[in-house]
Amino acid sequence: MAMRLILLGPPGAGKGTQAKLLSARRGIPQISTGDILRQAVADGTPLGKEAKGYMDRGALVPDEVVIGLIRERLGQPDSAKGYILDGFPRTVVQAQALDAMLRAMGTPLHHVVAVHVEEEALVERISGRRTCGQCQRPYHVRFHFPKTEGVCDACGGALLQRDDDREETVRRRLSVYRQQTEPLLAYYKGAGLLKEMAGEGKIEEIAAQIDRVISNAR
């Protein structure tokens with residue numbers, strides 16, 4: 001049976017990790033708008049060229065272009081049994097456009113799963129990330145630290161903190177999420193699709209909880 005769902009949650013909530021795990025367990029693709037954009041640009045499709053024009057100017061790609069790219073992606077054979085949308089929609093306007101597109105395709109959503117994590121825990125998760133400047137191996141100052149502080153175990157490279165992971169940047173990203181994306185919770189709750197759950201704990205436990213939530217709702 002097909003399963004079409006959206007994973008929602010703030011930066012650092014583990015959506016991408018859970019989407020990959022769920023994709024593998026259910027045999028349906030994880031669809032990320034970032035991946036779609038990069039692939040369309042690389043392939044030189046008409047929508048990809050249009051998106052590239054905006055990206056090259058440093059402008060946001062308009063919703064109608066993103067929706068067009070998603071329509072193309074959902075039309076591919078591997079999406080016939082379902083999919084997991086990761087990172088889209090981000091606003092109620094995008095959600096409305098997505099709903100209209102899915103109605104036209106005759107393939108409505110089954111679930112919207114929202115993963116909740118307390119803000120301070122998110123700040124700790126993200127601002128503690130470190131990456132090797134040479135081999136890109138990831139670390140964390142609290143949860144996964146190297147044998148020698150500041151030095152990669154694998155290649156001896158220096159561990160760096162990305163600008164996106166600095167605390168002040170993380171708090172700005174979370175503020176944008178609250179303003180733009182949290183209203184989606186009320187939108188999908190009104191549509192009877194929203195399933196909410198806590199996102200703190202071991203990755204495997206959260207994965208099992210997502211499975212229970214979507215299985216019990218069917």
# chains A, B, ... in the order shown; residues from 1 in each chain; ligands from 1
>>> residues_around(residues="Leu8 in chain A", least_positions_apart="5", cutoff="7 Å", atoms="only C-alpha atoms", output="PDB file with N, CA and C atoms, in the first residue's frame")
ATOM      1  N   VAL A 113       4.193  13.978   9.851  1.00  0.00           N
ATOM      2  CA  VAL A 113       4.780  13.664  11.152  1.00  0.00           C
ATOM      3  C   VAL A 113       5.661  14.827  11.591  1.00  0.00           C
ATOM      4  N   ALA A 114       5.337  15.418  12.737  1.00  0.00           N
ATOM      5  CA  ALA A 114       6.114  16.531  13.283  1.00  0.00           C
ATOM      6  C   ALA A 114       6.963  16.040  14.446  1.00  0.00           C
ATOM      7  N   VAL A 115       8.261  16.240  14.349  1.00  0.00           N
ATOM      8  CA  VAL A 115       9.210  15.820  15.384  1.00  0.00           C
ATOM      9  C   VAL A 115       9.577  17.043  16.226  1.00  0.00           C
TER      10      VAL A 115
END
>>> residues_around(residues="Gln39 in chain A", least_positions_apart="2", cutoff="12 Å", atoms="only C-alpha atoms", output="list in words")
Ile31, Ser32, Thr33, Gly34, Asp35, Ile36, Leu37, Val41, Ala42, Asp43, Gly44, Thr45, Leu47, Gly48, Lys49, Ala51, Lys52, Leu69, Ile70, Glu72 and Arg73 of chain A
>>> write_last_selection(atoms="N, CA and C atoms", output="PDB file, in the first residue's frame")
ATOM      1  N   ILE A  31      12.613  12.448  -0.470  1.00  0.00           N
ATOM      2  CA  ILE A  31      12.667  13.520  -1.462  1.00  0.00           C
ATOM      3  C   ILE A  31      12.970  14.838  -0.757  1.00  0.00           C
ATOM      4  N   SER A  32      14.160  15.345  -1.007  1.00  0.00           N
ATOM      5  CA  SER A  32      14.615  16.605  -0.432  1.00  0.00           C
ATOM      6  C   SER A  32      14.625  17.666  -1.517  1.00  0.00           C
ATOM      7  N   THR A  33      14.063  18.820  -1.235  1.00  0.00           N
ATOM      8  CA  THR A  33      14.031  19.878  -2.249  1.00  0.00           C
ATOM      9  C   THR A  33      15.443  20.315  -2.635  1.00  0.00           C
ATOM     10  N   GLY A  34      16.361  20.305  -1.660  1.00  0.00           N
ATOM     11  CA  GLY A  34      17.740  20.660  -1.985  1.00  0.00           C
ATOM     12  C   GLY A  34      18.330  19.700  -3.003  1.00  0.00           C
ATOM     13  N   ASP A  35      18.091  18.401  -2.802  1.00  0.00           N
ATOM     14  CA  ASP A  35      18.597  17.395  -3.740  1.00  0.00           C
ATOM     15  C   ASP A  35      17.951  17.559  -5.118  1.00  0.00           C
ATOM     16  N   ILE A  36      16.638  17.825  -5.129  1.00  0.00           N
ATOM     17  CA  ILE A  36      15.927  18.009  -6.402  1.00  0.00           C
ATOM     18  C   ILE A  36      16.505  19.190  -7.173  1.00  0.00           C
ATOM     19  N   LEU A  37      16.703  20.298  -6.473  1.00  0.00           N
ATOM     20  CA  LEU A  37      17.251  21.493  -7.117  1.00  0.00           C
ATOM     21  C   LEU A  37      18.632  21.214  -7.708  1.00  0.00           C
ATOM     22  N   VAL A  41      19.496  21.224 -11.750  1.00  0.00           N
ATOM     23  CA  VAL A  41      20.523  22.138 -12.270  1.00  0.00           C
ATOM     24  C   VAL A  41      21.610  21.344 -12.990  1.00  0.00           C
ATOM     25  N   ALA A  42      22.052  20.235 -12.364  1.00  0.00           N
ATOM     26  CA  ALA A  42      23.094  19.406 -12.973  1.00  0.00           C
ATOM     27  C   ALA A  42      22.632  18.800 -14.296  1.00  0.00           C
ATOM     28  N   ASP A  43      21.352  18.411 -14.368  1.00  0.00           N
ATOM     29  CA  ASP A  43      20.815  17.786 -15.584  1.00  0.00           C
ATOM     30  C   ASP A  43      20.492  18.811 -16.665  1.00  0.00           C
ATOM     31  N   GLY A  44      20.419  20.096 -16.273  1.00  0.00           N
ATOM     32  CA  GLY A  44      20.113  21.137 -17.250  1.00  0.00           C
ATOM     33  C   GLY A  44      18.686  21.092 -17.762  1.00  0.00           C
ATOM     34  N   THR A  45      17.744  20.618 -16.925  1.00  0.00           N
ATOM     35  CA  THR A  45      16.339  20.595 -17.349  1.00  0.00           C
ATOM     36  C   THR A  45      15.821  22.030 -17.447  1.00  0.00           C
ATOM     37  N   LEU A  47      13.305  23.510 -15.970  1.00  0.00           N
ATOM     38  CA  LEU A  47      13.090  24.058 -14.631  1.00  0.00           C
ATOM     39  C   LEU A  47      14.408  24.224 -13.881  1.00  0.00           C
ATOM     40  N   GLY A  48      15.348  23.315 -14.132  1.00  0.00           N
ATOM     41  CA  GLY A  48      16.662  23.427 -13.511  1.00  0.00           C
ATOM     42  C   GLY A  48      17.389  24.688 -13.955  1.00  0.00           C
ATOM     43  N   LYS A  49      17.293  24.995 -15.243  1.00  0.00           N
ATOM     44  CA  LYS A  49      17.920  26.220 -15.754  1.00  0.00           C
ATOM     45  C   LYS A  49      17.258  27.451 -15.161  1.00  0.00           C
ATOM     46  N   ALA A  51      15.704  27.593 -12.236  1.00  0.00           N
ATOM     47  CA  ALA A  51      16.115  27.658 -10.832  1.00  0.00           C
ATOM     48  C   ALA A  51      17.541  28.188 -10.708  1.00  0.00           C
ATOM     49  N   LYS A  52      18.429  27.747 -11.597  1.00  0.00           N
ATOM     50  CA  LYS A  52      19.834  28.171 -11.548  1.00  0.00           C
ATOM     51  C   LYS A  52      19.954  29.685 -11.707  1.00  0.00           C
ATOM     52  N   LEU A  69       9.321  21.380  -9.886  1.00  0.00           N
ATOM     53  CA  LEU A  69      10.373  20.368  -9.736  1.00  0.00           C
ATOM     54  C   LEU A  69       9.862  19.170  -8.933  1.00  0.00           C
ATOM     55  N   ILE A  70       9.073  19.444  -7.888  1.00  0.00           N
ATOM     56  CA  ILE A  70       8.515  18.351  -7.090  1.00  0.00           C
ATOM     57  C   ILE A  70       7.535  17.534  -7.920  1.00  0.00           C
ATOM     58  N   GLU A  72       7.640  17.000 -11.108  1.00  0.00           N
ATOM     59  CA  GLU A  72       8.446  16.141 -11.974  1.00  0.00           C
ATOM     60  C   GLU A  72       9.009  14.955 -11.188  1.00  0.00           C
ATOM     61  N   ARG A  73       9.487  15.237  -9.971  1.00  0.00           N
ATOM     62  CA  ARG A  73      10.094  14.163  -9.166  1.00  0.00           C
ATOM     63  C   ARG A  73       9.058  13.126  -8.751  1.00  0.00           C
TER      64      ARG A  73
END
>>> select_by_dssp(residues="range 11-208 of chain A", states="strand (DSSP E)", output="list in words")
Gln30, Ile31, Ser32, Gly82, Tyr83, Ile84, Leu85, Asp86, His111, Val112, Val113, Ala114, Val115, His116, Arg129, Arg130, Thr131, Cys132, Pro138, Tyr139, His140, Leu159, Leu160, Leu194, Lys195, Glu196, Met197 and Ala198 of chain A
>>> residues_around(residues="Arg142 in chain A", least_positions_apart="5", cutoff="10 Å", atoms="only C-alpha atoms", output="number ranges by chain")
A: 124-125, 128-129
>>> write_last_selection(atoms="C-alpha atoms", output="compact mmCIF listing (two decimals), in the first residue's frame")
# COMPACT_ATOMS: atom_id res chain seq x y z
CA GLU A 124 23.47 22.09 21.89
CA ARG A 125 23.16 19.52 19.10
CA GLY A 128 28.50 21.32 19.16
CA ARG A 129 29.12 19.94 15.68
>>> select_by_dssp(residues="range 4-165 of chain A", states="helix (DSSP H, G or I)", output="PyMOL selection string")
chain A and resi 15-26+33-43+46-56+63-74+77-79+92-105+119-127+163-165
>>> residues_around(residues="His111 in chain A", least_positions_apart="3", cutoff="9 Å", atoms="only C-alpha atoms", output="PyMOL selection string")
chain A and resi 3-7+192-195+214+217-218
>>> write_last_selection(atoms="C-alpha atoms", output="mmCIF file, in the first residue's frame")
data_model
loop_
_atom_site.group_PDB
_atom_site.id
_atom_site.type_symbol
_atom_site.label_atom_id
_atom_site.label_comp_id
_atom_site.auth_asym_id
_atom_site.auth_seq_id
_atom_site.Cartn_x
_atom_site.Cartn_y
_atom_site.Cartn_z
ATOM 1 C CA MET A 3 2.508 5.778 1.820
ATOM 2 C CA ARG A 4 2.949 9.478 1.102
ATOM 3 C CA LEU A 5 4.162 11.567 4.011
ATOM 4 C CA ILE A 6 5.908 14.734 5.141
ATOM 5 C CA LEU A 7 8.448 14.954 7.976
ATOM 6 C CA GLY A 192 -6.565 15.743 10.060
ATOM 7 C CA LEU A 193 -3.097 14.639 8.902
ATOM 8 C CA LEU A 194 -0.807 15.736 11.732
ATOM 9 C CA LYS A 195 0.944 13.226 14.006
ATOM 10 C CA ILE A 214 2.179 6.040 11.026
ATOM 11 C CA ALA A 217 -2.907 5.971 11.999
ATOM 12 C CA ARG A 218 -3.594 3.926 8.886
#
>>> closest_residue(among="A:Asp56, A:Cys132, A:Arg171, A:His116", to="Glu196 in chain A", atoms="only C-alpha atoms")
A:His116
>>> atom_distance(atom1="CA of Ser215 in chain A", atom2="CA of Lys202 in chain A")
20.1 Å
>>> atom_distance(atom1="CA of Leu184 in chain A", atom2="CA of Ala100 in chain A")
15.6 Å
>>> atom_distance(atom1="CA of Phe88 in chain A", atom2="CA of Ser175 in chain A")
17.5 Å
>>> residues_around(residues="range 157-163 of chain A", least_positions_apart="2", cutoff="6 Å", atoms="only C-alpha atoms", output="PyMOL selection string")
chain A and resi 130-134+150-152+155+165-166
